[in-house]
$ cat my_file_4.cif   # mmCIF, C-alpha atoms
data_final
#
loop_
_atom_site.label_atom_id
_atom_site.label_comp_id
_atom_site.auth_asym_id
_atom_site.auth_seq_id
_atom_site.Cartn_x
_atom_site.Cartn_y
_atom_site.Cartn_z
CA MET A 1 -174.11 65.75 -30.44
CA ASN A 2 -175.11 63.07 -32.96
CA THR A 3 -171.78 62.42 -34.69
CA VAL A 4 -170.16 59.70 -36.80
CA LYS A 5 -166.51 59.45 -37.82
CA VAL A 6 -165.91 58.65 -41.48
CA ALA A 7 -162.75 57.54 -43.27
CA VAL A 8 -162.14 58.11 -46.99
CA VAL A 9 -159.29 55.97 -48.31
CA GLN A 10 -157.19 57.32 -51.19
CA ALA A 11 -154.99 54.49 -52.42
CA ALA A 12 -154.09 52.62 -55.57
CA SER A 13 -155.08 49.10 -56.42
CA VAL A 14 -152.42 46.46 -56.85
CA LEU A 15 -153.25 46.80 -60.50
CA PHE A 16 -154.81 43.79 -62.24
CA ASP A 17 -154.04 41.58 -59.22
CA LYS A 18 -157.18 40.48 -57.39
CA PRO A 19 -155.62 38.66 -54.41
CA ALA A 20 -153.15 41.47 -53.70
CA SER A 21 -155.80 44.18 -54.12
CA VAL A 22 -158.13 42.37 -51.71
CA LYS A 23 -155.29 42.04 -49.20
CA LYS A 24 -154.45 45.73 -49.48
CA ALA A 25 -158.13 46.69 -49.14
CA CYS A 26 -158.52 44.60 -45.98
CA GLU A 27 -155.40 46.17 -44.45
CA LEU A 28 -156.65 49.69 -45.21
CA VAL A 29 -160.09 48.92 -43.77
CA GLU A 30 -158.56 47.67 -40.54
CA GLN A 31 -156.23 50.69 -40.36
CA ALA A 32 -159.17 53.06 -40.77
CA GLY A 33 -161.13 51.19 -38.10
CA GLN A 34 -158.23 51.30 -35.67
CA ASN A 35 -158.13 55.09 -36.13
CA GLY A 36 -161.77 55.41 -35.16
CA GLY A 37 -163.46 55.32 -38.55
CA GLN A 38 -167.03 54.02 -38.35
CA ILE A 39 -167.81 54.36 -42.05
CA VAL A 40 -164.99 53.50 -44.48
CA VAL A 41 -165.05 54.18 -48.22
CA LEU A 42 -162.61 52.87 -50.84
CA PRO A 43 -162.41 54.14 -54.45
CA GLU A 44 -164.09 53.18 -57.69
CA ALA A 45 -162.85 49.90 -59.21
CA PHE A 46 -160.37 49.30 -56.38
CA ILE A 47 -160.48 45.57 -57.09
CA PRO A 48 -158.77 44.77 -59.41
CA ALA A 49 -158.17 48.12 -61.19
CA TYR A 50 -159.54 51.14 -62.95
CA PRO A 51 -157.76 50.37 -66.27
CA ARG A 52 -156.85 53.97 -67.02
CA GLY A 53 -155.09 54.51 -70.33
CA PHE A 54 -155.98 51.19 -71.96
CA ALA A 55 -158.00 50.76 -75.16
CA PHE A 56 -157.99 46.94 -74.92
CA GLY A 57 -156.89 46.82 -78.56
CA MET A 58 -160.21 48.23 -79.77
CA LYS A 59 -161.00 50.64 -82.56
CA ILE A 60 -164.28 51.17 -84.33
CA GLY A 61 -164.62 48.20 -86.64
CA SER A 62 -161.72 46.16 -85.27
CA ARG A 63 -160.26 44.40 -82.22
CA ASN A 64 -156.95 42.62 -81.74
CA GLU A 65 -155.80 39.52 -79.90
CA GLU A 66 -153.54 41.43 -77.52
CA GLY A 67 -156.55 43.41 -76.31
CA ARG A 68 -158.59 40.24 -75.92
CA ALA A 69 -155.81 38.75 -73.78
CA LEU A 70 -155.81 41.85 -71.55
CA TRP A 71 -159.60 41.55 -71.25
CA GLN A 72 -159.14 37.91 -70.19
CA ARG A 73 -156.73 39.02 -67.47
CA TYR A 74 -159.15 41.72 -66.31
CA TRP A 75 -162.00 39.21 -66.25
CA ASP A 76 -159.97 36.63 -64.32
CA ASN A 77 -159.08 39.21 -61.66
CA SER A 78 -162.60 40.61 -61.20
CA LEU A 79 -164.96 39.57 -58.39
CA ASP A 80 -167.79 37.07 -58.19
CA ILE A 81 -170.32 38.16 -55.58
CA ALA A 82 -170.45 34.59 -54.30
CA GLY A 83 -166.66 34.27 -54.31
CA PRO A 84 -164.23 34.04 -51.37
CA GLU A 85 -162.87 37.56 -51.89
CA VAL A 86 -166.23 39.12 -51.00
CA GLN A 87 -166.24 37.03 -47.84
CA GLN A 88 -162.72 38.29 -47.03
CA LEU A 89 -163.87 41.90 -47.38
CA GLY A 90 -166.81 41.22 -45.09
CA GLU A 91 -164.52 39.66 -42.51
CA ALA A 92 -162.26 42.73 -42.64
CA ALA A 93 -165.27 45.01 -42.05
CA ALA A 94 -166.28 42.83 -39.09
CA ARG A 95 -162.79 42.84 -37.56
CA ALA A 96 -162.68 46.62 -37.85
CA GLY A 97 -166.31 47.03 -36.77
CA VAL A 98 -167.04 49.42 -39.66
CA PHE A 99 -169.65 50.02 -42.30
CA LEU A 100 -167.68 49.49 -45.53
CA ALA A 101 -168.30 50.63 -49.10
CA ILE A 102 -165.78 49.59 -51.76
CA GLY A 103 -165.62 49.90 -55.53
CA VAL A 104 -165.07 46.63 -57.40
CA ILE A 105 -165.31 45.23 -60.88
CA GLU A 106 -168.00 42.60 -60.62
CA ARG A 107 -168.25 39.76 -63.10
CA GLU A 108 -171.48 37.98 -63.82
CA GLY A 109 -171.91 34.72 -65.67
CA GLN A 110 -169.60 31.91 -66.65
CA SER A 111 -171.84 30.03 -69.08
CA ALA A 112 -174.78 32.40 -69.66
CA GLY A 113 -172.95 35.52 -70.75
CA GLU A 114 -169.79 37.13 -69.42
CA THR A 115 -170.25 40.79 -68.49
CA LEU A 116 -168.29 43.04 -66.15
CA TYR A 117 -169.93 45.77 -64.06
CA CYS A 118 -168.39 48.68 -62.20
CA SER A 119 -170.02 48.17 -58.80
CA MET A 120 -169.97 49.41 -55.24
CA LEU A 121 -170.40 46.81 -52.48
CA TYR A 122 -171.79 47.66 -49.04
CA PHE A 123 -170.94 45.69 -45.88
CA SER A 124 -172.34 46.00 -42.36
CA PRO A 125 -170.10 46.16 -39.25
CA ALA A 126 -171.02 42.51 -38.72
CA GLY A 127 -169.46 41.66 -42.09
CA GLU A 128 -172.75 41.04 -43.90
CA LEU A 129 -172.95 42.01 -47.57
CA LEU A 130 -175.92 44.38 -47.46
CA GLY A 131 -176.16 44.98 -51.20
CA LYS A 132 -174.56 46.64 -54.19
CA HIS A 133 -174.89 49.41 -56.70
CA ARG A 134 -173.97 48.88 -60.34
CA LYS A 135 -172.89 51.92 -62.33
CA LEU A 136 -175.85 52.90 -64.49
CA LYS A 137 -173.90 54.35 -67.39
CA PRO A 138 -170.21 53.72 -68.04
CA THR A 139 -168.62 56.85 -69.49
CA GLY A 140 -166.79 57.16 -72.80
CA SER A 141 -164.52 54.20 -73.52
CA GLU A 142 -165.63 52.51 -70.28
CA ARG A 143 -168.59 51.35 -72.36
CA LEU A 144 -166.22 49.01 -74.22
CA ILE A 145 -165.56 46.92 -71.11
CA TRP A 146 -168.41 47.44 -68.61
CA GLY A 147 -172.11 46.69 -68.81
CA GLU A 148 -174.89 48.97 -67.58
CA GLY A 149 -176.61 48.60 -64.24
CA ASP A 150 -180.35 49.02 -63.77
CA GLY A 151 -182.78 50.42 -61.24
CA SER A 152 -182.71 47.30 -59.09
CA THR A 153 -179.36 48.39 -57.60
CA LEU A 154 -180.04 51.96 -56.48
CA PRO A 155 -180.07 51.34 -52.73
CA VAL A 156 -179.93 53.68 -49.76
CA PHE A 157 -179.24 51.77 -46.54
CA SER A 158 -180.67 52.76 -43.17
CA THR A 159 -177.90 52.28 -40.62
CA GLU A 160 -177.27 53.30 -37.04
CA HIS A 161 -175.15 56.13 -38.46
CA GLY A 162 -177.76 57.46 -40.89
CA LYS A 163 -178.94 56.68 -44.41
CA ILE A 164 -176.06 55.79 -46.72
CA GLY A 165 -176.00 55.45 -50.51
CA GLY A 166 -174.21 56.82 -53.53
CA LEU A 167 -173.35 56.90 -57.22
CA ILE A 168 -170.10 56.14 -59.04
CA CYS A 169 -168.07 58.79 -60.86
CA TRP A 170 -169.85 60.48 -63.77
CA GLU A 171 -173.26 58.99 -63.08
CA ASN A 172 -173.20 61.73 -60.44
CA TYR A 173 -173.81 64.06 -63.39
CA MET A 174 -177.18 62.35 -63.98
CA PRO A 175 -179.67 64.67 -62.21
CA LEU A 176 -182.45 62.08 -62.07
CA ALA A 177 -180.15 59.46 -60.57
CA ARG A 178 -179.21 61.90 -57.82
CA MET A 179 -182.88 62.69 -57.27
CA ALA A 180 -183.62 58.97 -56.84
CA LEU A 181 -181.16 58.91 -53.93
CA TYR A 182 -182.41 62.15 -52.40
CA ALA A 183 -185.94 60.75 -52.45
CA GLN A 184 -184.74 57.80 -50.37
CA GLY A 185 -183.44 60.20 -47.74
CA VAL A 186 -179.70 59.75 -48.30
CA GLU A 187 -177.72 61.54 -45.58
CA ILE A 188 -174.18 60.29 -46.23
CA TYR A 189 -173.70 60.33 -49.99
CA LEU A 190 -170.77 58.30 -51.36
CA ALA A 191 -169.11 59.43 -54.60
CA PRO A 192 -166.17 57.16 -55.49
CA THR A 193 -164.62 58.32 -58.73
CA ALA A 194 -161.71 58.14 -61.17
CA ASP A 195 -161.93 61.87 -61.95
CA SER A 196 -159.00 63.84 -60.51
CA ARG A 197 -159.70 67.13 -62.28
CA ASP A 198 -160.19 70.32 -60.30
CA ASN A 199 -163.80 70.71 -61.42
CA TRP A 200 -164.75 67.42 -59.73
CA GLN A 201 -164.40 69.33 -56.48
CA SER A 202 -167.17 71.64 -57.67
CA THR A 203 -169.31 68.60 -58.46
CA VAL A 204 -169.18 67.05 -55.01
CA ARG A 205 -169.73 70.41 -53.33
CA HIS A 206 -172.75 71.02 -55.53
CA ILE A 207 -174.21 67.60 -54.62
CA ALA A 208 -173.77 68.40 -50.93
CA CYS A 209 -175.62 71.71 -51.33
CA GLU A 210 -178.30 70.22 -53.58
CA GLY A 211 -179.01 67.15 -51.47
CA ARG A 212 -178.28 68.78 -48.11
CA CYS A 213 -176.20 65.70 -47.30
CA PHE A 214 -172.61 64.90 -46.42
CA VAL A 215 -170.62 63.84 -49.50
CA LEU A 216 -167.60 61.54 -49.36
CA GLY A 217 -165.58 61.84 -52.57
CA CYS A 218 -163.05 59.04 -52.94
CA ASN A 219 -160.38 58.54 -55.61
CA GLN A 220 -157.17 56.60 -56.20
CA PHE A 221 -153.63 57.92 -56.46
CA VAL A 222 -152.02 56.06 -59.37
CA THR A 223 -148.70 56.34 -61.19
CA ARG A 224 -147.71 54.73 -64.48
CA SER A 225 -144.93 52.82 -62.72
CA MET A 226 -147.55 50.92 -60.71
CA TYR A 227 -148.69 48.99 -63.81
CA PRO A 228 -147.06 45.55 -64.15
CA PRO A 229 -144.66 45.69 -67.11
CA GLN A 230 -145.78 42.25 -68.31
CA LEU A 231 -149.35 43.37 -68.95
CA GLU A 232 -150.71 42.73 -72.41
CA ALA A 233 -151.00 45.97 -74.44
CA ILE A 234 -148.78 47.81 -71.95
CA HIS A 235 -147.46 49.88 -74.88
CA GLU A 236 -150.85 51.63 -74.92
CA LEU A 237 -149.66 53.57 -71.85
CA GLU A 238 -146.54 55.03 -73.50
CA ASP A 239 -148.12 58.47 -73.89
CA GLN A 240 -149.50 58.59 -70.33
CA PRO A 241 -148.02 60.96 -67.72
CA ALA A 242 -145.99 59.67 -64.77
CA ILE A 243 -148.86 60.50 -62.39
CA MET A 244 -151.95 59.10 -64.06
CA CYS A 245 -154.42 59.94 -61.29
CA ARG A 246 -153.52 62.52 -58.64
CA GLY A 247 -156.43 61.80 -56.30
CA GLY A 248 -158.55 64.61 -54.91
CA SER A 249 -160.49 62.71 -52.24
CA VAL A 250 -162.58 65.05 -50.11
CA ILE A 251 -165.28 65.17 -47.42
CA VAL A 252 -167.95 67.89 -47.76
CA ALA A 253 -170.64 69.16 -45.37
CA PRO A 254 -174.34 69.63 -46.30
CA THR A 255 -173.85 73.34 -46.99
CA GLY A 256 -170.83 72.80 -49.23
CA GLU A 257 -167.99 73.48 -46.79
CA VAL A 258 -164.98 71.19 -47.11
CA LEU A 259 -164.34 69.25 -43.90
CA ALA A 260 -161.25 67.31 -45.03
CA GLY A 261 -159.08 67.35 -48.13
CA PRO A 262 -158.86 67.49 -50.99
CA LEU A 263 -155.88 65.13 -50.86
CA TRP A 264 -153.52 65.37 -53.84
CA ASP A 265 -150.52 63.44 -55.15
CA GLU A 266 -150.24 60.81 -52.43
CA GLU A 267 -151.98 57.91 -50.77
CA GLY A 268 -153.65 58.56 -47.45
CA ILE A 269 -156.85 58.40 -45.41
CA LEU A 270 -159.05 61.42 -44.72
CA TYR A 271 -161.06 61.49 -41.49
CA ALA A 272 -163.90 63.74 -40.37
CA ASP A 273 -166.48 63.78 -37.58
CA LEU A 274 -169.91 64.38 -39.13
CA ASP A 275 -172.49 66.21 -37.03
CA MET A 276 -175.63 64.54 -38.39
CA ASP A 277 -177.85 67.28 -36.95
CA GLU A 278 -176.24 69.62 -39.45
CA ILE A 279 -178.42 67.98 -42.14
CA THR A 280 -181.60 69.13 -40.40
CA ARG A 281 -180.23 72.63 -39.91
CA ALA A 282 -179.23 72.84 -43.58
CA LYS A 283 -182.74 71.98 -44.76
CA ILE A 284 -184.43 74.97 -43.15
CA ASP A 285 -184.05 76.90 -46.40
CA PHE A 286 -183.69 74.14 -49.02
CA ASP A 287 -185.02 70.57 -49.16
CA VAL A 288 -184.85 69.12 -52.66
CA VAL A 289 -187.52 66.46 -52.03
CA GLY A 290 -189.42 68.41 -49.37
CA HIS A 291 -190.65 71.99 -49.43
CA TYR A 292 -188.59 72.79 -52.54
CA ALA A 293 -189.81 69.84 -54.62
CA ARG A 294 -192.94 71.18 -56.36
CA PRO A 295 -194.50 67.78 -57.21
CA ASP A 296 -197.42 69.63 -58.80
CA ILE A 297 -194.99 70.50 -61.62
CA PHE A 298 -192.21 67.89 -61.54
CA GLN A 299 -192.37 64.14 -60.89
CA LEU A 300 -189.83 61.33 -61.26
CA LYS A 301 -190.68 57.68 -61.90
CA VAL A 302 -187.97 55.14 -61.00
CA ASN A 303 -188.09 51.54 -62.26
CA HIS A 304 -186.60 49.36 -59.50
CA ASP A 305 -187.14 46.09 -61.44
CA SER A 306 -184.19 43.98 -62.55
CA GLN A 307 -183.91 44.06 -66.34
CA ASP A 308 -183.23 40.43 -67.22
CA SER A 309 -182.52 39.78 -70.88
CA VAL A 310 -184.34 36.43 -70.94
CA THR A 311 -187.19 35.19 -68.76
CA PHE A 312 -188.24 31.55 -68.83
CA GLY A 313 -191.78 30.47 -68.03
CA SER A 314 -194.82 28.63 -69.32
CA LEU A 315 -196.66 30.11 -72.25
CA HIS A 316 -200.24 31.14 -71.46
CA ARG A 317 -202.73 29.47 -73.77
CA GLU A 318 -206.33 30.51 -74.16
CA PRO A 319 -208.84 27.64 -73.77
CA SER A 320 -210.06 26.32 -77.11
CA GLY A 321 -213.73 26.11 -76.01
CA ARG A 322 -214.07 22.61 -77.44
CA ASN A 323 -215.87 19.83 -75.53
#
$ encode --input "my_file_4.cif" --output "structure tokens"
Amino acid sequence: MNTVKVAVVQAASVLFDKPASVKKACELVEQAGQNGGQIVVLPEAFIPAYPRGFAFGMKIGSRNEEGRALWQRYWDNSLDIAGPEVQQLGEAAARAGVFLAIGVIEREGQSAGETLYCSMLYFSPAGELLGKHRKLKPTGSERLIWGEGDGSTLPVFSTEHGKIGGLICWENYMPLARMALYAQGVEIYLAPTADSRDNWQSTVRHIACEGRCFVLGCNQFVTRSMYPPQLEAIHELEDQPAIMCRGGSVIVAPTGEVLAGPLWDEEGILYADLDMDEITRAKIDFDVVGHYARPDIFQLKVNHDSQDSVTFGSLHREPSGRN
């Protein structure tokens, strides 16, 4: 039987602390590898935090200095792709011998713009950074702190375990974004999230049935007491419940059956052995980009180009025609 063992990690960041969050991530990756996991997934924004509950001192028409200071802290603890923390994550994947996907807050630019992106990084079992996905559309107040990704980071990776790709949190509600992954043949669909509501379980099960793929839903378990008391604007959390995110990580089969989880109200790692031949068997009656696609009626165009804000180059001048 063509099987692969996956590990979905439900754990909290060491909130707003990049070095400690990286250390915790590496330890969890190695633990999952020691327990036989071949593909390991960590939640959305694991490094340095999903800043649940914060407004960063912003209201329509105004900002305050306390919120700007919290933003500075968030920026300082976010990841540069070329930085040492990414190398540390790759080394952890290599030590464990696993394919790793982890949610991070990625910062881009020190002098030419300073934007944060909610990203998912992919590492090979050799520790190589294979690529990344940037969240296409931050939801609600996330738009205050994160930029938008583009079509240049919508990858599906062909691996020895199958084709792996995914979307982050509520961009999974974007039907055309899902279709872009299905069209690339995704077989193991990753869905890291910050949504711990019951109806998220319906979402990941729907994606599994729609895409005829395995879906790995991954969330954090976070309590209010985990936030450092010295954080700027910490008073913004006064009305938050004691358990701010109860988890709900889950592993779903291509026909919608739950293989592991959902895991609630604690940290832990879910494991499941995926029978990859189940994907073929599930597509006998439904294949969203195959016999069920109807391209004579519906077509999707995806722009994979990077959308740079400024492009430098020589201006083209028409010849004057003078001798």
$ resolve_selection --input "my_file_4.cif" --expression "the PyMOL selection byres ((chain A and resi 67-82) around 7)" --output "ChimeraX atom specification"
/A:16-18,47-48,56-58,64-66,83-84,86,105-108,232-233
$ closest_residue --input "my_file_4.cif" --among "A:Leu116, A:Phe157, A:Thr255, A:Ile234" --to "A:Asp285" --atoms "all atoms listed in the file"
A:Thr255
$ resolve_selection --input "my_file_4.cif" --expression "the PyMOL selection byres ((chain A and resi 14) around 12)" --output "count of residues only"
30
$ atom_distance --input "my_file_4.cif" --atom1 "atom CA of A:Ile297" --atom2 "atom CA of A:Ser202"
28.1 Å
$ atom_distance --input "my_file_4.cif" --atom1 "atom CA of A:Pro241" --atom2 "atom CA of A:Ala55"
16.1 Å
$ residues_around --input "my_file_4.cif" --residues "A:Ala191" --least-positions-apart "6" --cutoff "9 Å" --atoms "all atoms listed in the file" --output "list in words"
Pro43, Glu44, Gly165, Gly166, Leu167, Ile168, Cys169, Asn172, Val204, Val215, Leu216, Gly217, Cys218 and Asn219 of chain A
$ closest_residue --input "my_file_4.cif" --among "A:Ile145, A:Ala183, A:Ile284, A:Ala126" --to "A:Glu114" --atoms "all atoms listed in the file"
A:Ile145
$ resolve_selection --input "my_file_4.cif" --expression "the PyMOL selection byres ((chain A and resi 124) around 8)" --output "PyMOL selection string"
chain A and resi 90+93-94+98-100+122-123+125-130
$ write_last_selection --input "my_file_4.cif" --atoms "C-alpha atoms" --output "compact mmCIF listing (two decimals), in the frame of the given file"
# COMPACT_ATOMS: atom_id res chain seq x y z
CA GLY A 90 -166.81 41.22 -45.09
CA ALA A 93 -165.27 45.01 -42.05
CA ALA A 94 -166.28 42.83 -39.09
CA VAL A 98 -167.04 49.42 -39.66
CA PHE A 99 -169.65 50.02 -42.30
CA LEU A 100 -167.68 49.49 -45.53
CA TYR A 122 -171.79 47.66 -49.04
CA PHE A 123 -170.94 45.69 -45.88
CA PRO A 125 -170.10 46.16 -39.25
CA ALA A 126 -171.02 42.51 -38.72
CA GLY A 127 -169.46 41.66 -42.09
CA GLU A 128 -172.75 41.04 -43.90
CA LEU A 129 -172.95 42.01 -47.57
CA LEU A 130 -175.92 44.38 -47.46
$ residues_around --input "my_file_4.cif" --residues "A:Arg143" --least-positions-apart "4" --cutoff "12 Å" --atoms "all atoms listed in the file" --output "PyMOL selection string"
chain A and resi 55-56+58+115-118+135-139+147-149
$ atom_distance --input "my_file_4.cif" --atom1 "atom CA of A:Lys132" --atom2 "atom CA of A:Gly53"
26.5 Å
$ closest_residue --input "my_file_4.cif" --among "A:Pro295, A:Gly37, A:Pro175, A:Pro229" --to "A:His161" --atoms "all atoms listed in the file"
A:Gly37
$ closest_residue --input "my_file_4.cif" --among "A:Met174, A:Phe298, A:Gln88, A:Asp198" --to "A:Trp264" --atoms "only C-alpha atoms"
A:Asp198
$ closest_residue --input "my_file_4.cif" --among "A:Ala194, A:Val252, A:Ala293, A:Ala242" --to "A:Glu278" --atoms "all atoms listed in the file"
A:Val252
$ closest_residue --input "my_file_4.cif" --among "A:Glu171, A:Asn199, A:Gly290, A:His206" --to "A:Gly248" --atoms "only C-alpha atoms"
A:Asn199
$ residues_around --input "my_file_4.cif" --residues "stretch 271-275 of chain A" --least-positions-apart "3" --cutoff "9 Å" --atoms "all atoms listed in the file" --output "VMD selection string"
chain A and resid 1 to 9 32 35 to 37 214 251 253 259 to 260 278 to 279
